[in-house]
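**Q** What follows is a structure written as structure tokens; I'll ask about it next.
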Amino acid sequence: MSTGELLSVEPQELQFPFELKKQISCSMQLTNKTNNHVAFKVKTTNPKKYCVRPNTGVVLPHSTCDVIVTMQAQKEAPPDMQCKDKFLLQSAVASPGAAPKDITPELFNKESGNQVEECKLKVNYVAPPQPPSPVREGSEEGSSPRASISDNGTINTTDSTAVPRAYAESQEKSSETRALISKLTEEKNSAIQQSNKLHRELEMLRHEGNKSHGGIPLIYVILIGLLGILLGYLVK
């Protein structure tokens with residue numbers, strides 16, 4: 001932390017998790033330690049590369065103000081990841097009730113007799129945070145289950161019940177299919193037996209009709225036709 005008589009700045013070094021072609025931001029906090037309104041202004045040696053919001057402002061007595069510094073997306077990394085850019089924070093006592101619109105360049109001019117403090121901030125590039133490595137779920141195809149040892153010393157094994165479970169489900173479905181086929185076969189055989197029985201009864205009726213009346217009554221013909229249609233549907 002950089003501590004002056006007017007403002008304290010945290011942190012004193014701006015750290016950016018550098019990534020190519022990505023806009024990156026970091027923040028610094030300004031704390032007013034006085035009973036006065038304190039105006040501030042942020043400058044940089046590379047204004048086209050950075051955006052500071054707010055770059056000027058007023059910190060109320062015993063209050064804090066957050067300043068966001070955004071680095072524009074970079075197309076290439078600097079040599080050895082070293083950055084020579086610097087920032088300068090200027091602070092000066094402002095009149096009571098002053099607002100950001102009241103800040104003028106003359107306020108930070110030491111030659112005018114104003115009390116002006118300056119704090120230089122370095123820029124440092126750091127490695128971006130690494131995402132957590134994905135956890136492998138199960139073993140690779142064609143390989144046997146493998147065990148791994150976790151940080152606390154316990155042994156983690158891949159799920160060895162997946163294959164037996166799938167095999168059991170397959171066997172269960174196969175048993176259901178065989179049972180359904182067996183049931184349909186029994187129903188078909190029963191229908192065939194019924195059909196044969198009806199054919200025999202038909203022959204008996206035909207012989208009796210020939211003996212008694214010399215032919216088959218019309219009602220029997222209609223009944224036989226209906227039974228034939230029904231049996232044909234059942235056999236299918």
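How things are named: the first chain in the structure tokens is A, the next is B, and so on; residues count from 1 in each chain; ligands count from 1 in the order shown.
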Taking 4 positions as the minimum chain separation for residues in the same chain, which residues sit within 10 Å of stretch 98-114 of chain A when counting only C-alpha atoms? Answer as a ChimeraX atom specification.
**A** /A:37-41,54,56-60,90-94,118
**Q** Pick from A:Val42, A:Ala127, A:Met28, A:Met71: nearest to A:Leu14, with only C-alpha atoms counted?
**A**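 Closest candidate: A:Met28.
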**Q** By how many Å are atom CA of A:Leu227 and atom CA of A:Leu198 apart?
**A**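 It comes out at 8.2 Å.
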**Q** Rounded to one decimal in Å, what is the spacing between atom CA of A:Val126 and atom CA of A:Thr64?
**A**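 Atom CA of A:Thr64 lies 26.4 Å from atom CA of A:Val126.
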**Q** Could you give me, as a PyMOL selection string, the residues within 9 Å of A:Lys22, counting only C-alpha atoms and dropping anything in the same chain fewer than 4 positions from it?
**A** chain A and resi 18+71-75
**Q** Would you mind exporting N, CA and C atoms of the selected residues as a PDB file, in the first residue's frame?
**A**
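The result, written out as again-v5.pdb:
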```pdb
ATOM      1  N   PHE A  18      -2.375 -11.570 -18.081  1.00  0.00           N
ATOM      2  CA  PHE A  18      -2.232 -11.297 -19.509  1.00  0.00           C
ATOM      3  C   PHE A  18      -2.712 -12.466 -20.358  1.00  0.00           C
ATOM      4  N   MET A  71      -7.047  -2.758 -19.703  1.00  0.00           N
ATOM      5  CA  MET A  71      -6.059  -2.844 -20.779  1.00  0.00           C
ATOM      6  C   MET A  71      -6.738  -3.385 -22.031  1.00  0.00           C
ATOM      7  N   GLN A  72      -6.552  -2.701 -23.146  1.00  0.00           N
ATOM      8  CA  GLN A  72      -7.161  -3.137 -24.394  1.00  0.00           C
ATOM      9  C   GLN A  72      -6.554  -4.470 -24.850  1.00  0.00           C
ATOM     10  N   ALA A  73      -7.294  -5.216 -25.665  1.00  0.00           N
ATOM     11  CA  ALA A  73      -6.815  -6.511 -26.155  1.00  0.00           C
ATOM     12  C   ALA A  73      -5.519  -6.333 -26.939  1.00  0.00           C
ATOM     13  N   GLN A  74      -4.537  -7.180 -26.609  1.00  0.00           N
ATOM     14  CA  GLN A  74      -3.216  -7.099 -27.244  1.00  0.00           C
ATOM     15  C   GLN A  74      -3.045  -8.217 -28.274  1.00  0.00           C
ATOM     16  N   LYS A  75      -2.441  -7.883 -29.418  1.00  0.00           N
ATOM     17  CA  LYS A  75      -2.242  -8.856 -30.478  1.00  0.00           C
ATOM     18  C   LYS A  75      -0.986  -9.694 -30.282  1.00  0.00           C
TER      19      LYS A  75
END
```
**Q** In Å, rounded to a single decimal, give me how far atom CA of A:Thr177 is from atom CA of A:Gln194.
**A**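 Interatomic distance, atom CA of A:Gln194 to atom CA of A:Thr177: 25.9 Å.
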**Q** Rank nothing, just name the residue among A:Lys197, A:Leu180, A:Pro96, A:Asp85 nearest to A:Asn46, using only C-alpha atoms.
**A**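 Under the stated criterion, the closest residue is A:Asp85.
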**Q** I need the residue nearest A:Glu117 from this list: A:Gln130, A:Leu89, A:Ser95, A:Leu20. Use only C-alpha atoms for the distance.
**A** A:Leu89
**Q** Stretch 7-11 of chain A: which residues within 8 Å, counting only C-alpha atoms, same-chain residues fewer than 5 positions away excluded, as a JSON list (two decimals) with C-alpha atoms, in the first residue's frame?
**A**
```
[["chain", "number", "residue", "atom", "x", "y", "z"],
["A", 1, "MET", "CA", 0.00, 0.00, 0.00],
["A", 2, "SER", "CA", 1.25, 3.46, -0.90],
["A", 28, "MET", "CA", -7.20, 0.06, -7.28],
["A", 29, "GLN", "CA", -8.78, 1.57, -4.21],
["A", 30, "LEU", "CA", -8.19, 5.16, -3.10],
["A", 31, "THR", "CA", -8.79, 6.02, 0.57],
["A", 32, "ASN", "CA", -9.10, 9.59, 1.83],
["A", 33, "LYS", "CA", -7.49, 9.84, 5.27],
["A", 38, "VAL", "CA", -9.48, 15.30, -2.05],
["A", 91, "SER", "CA", -4.07, 14.10, -5.53]]
```
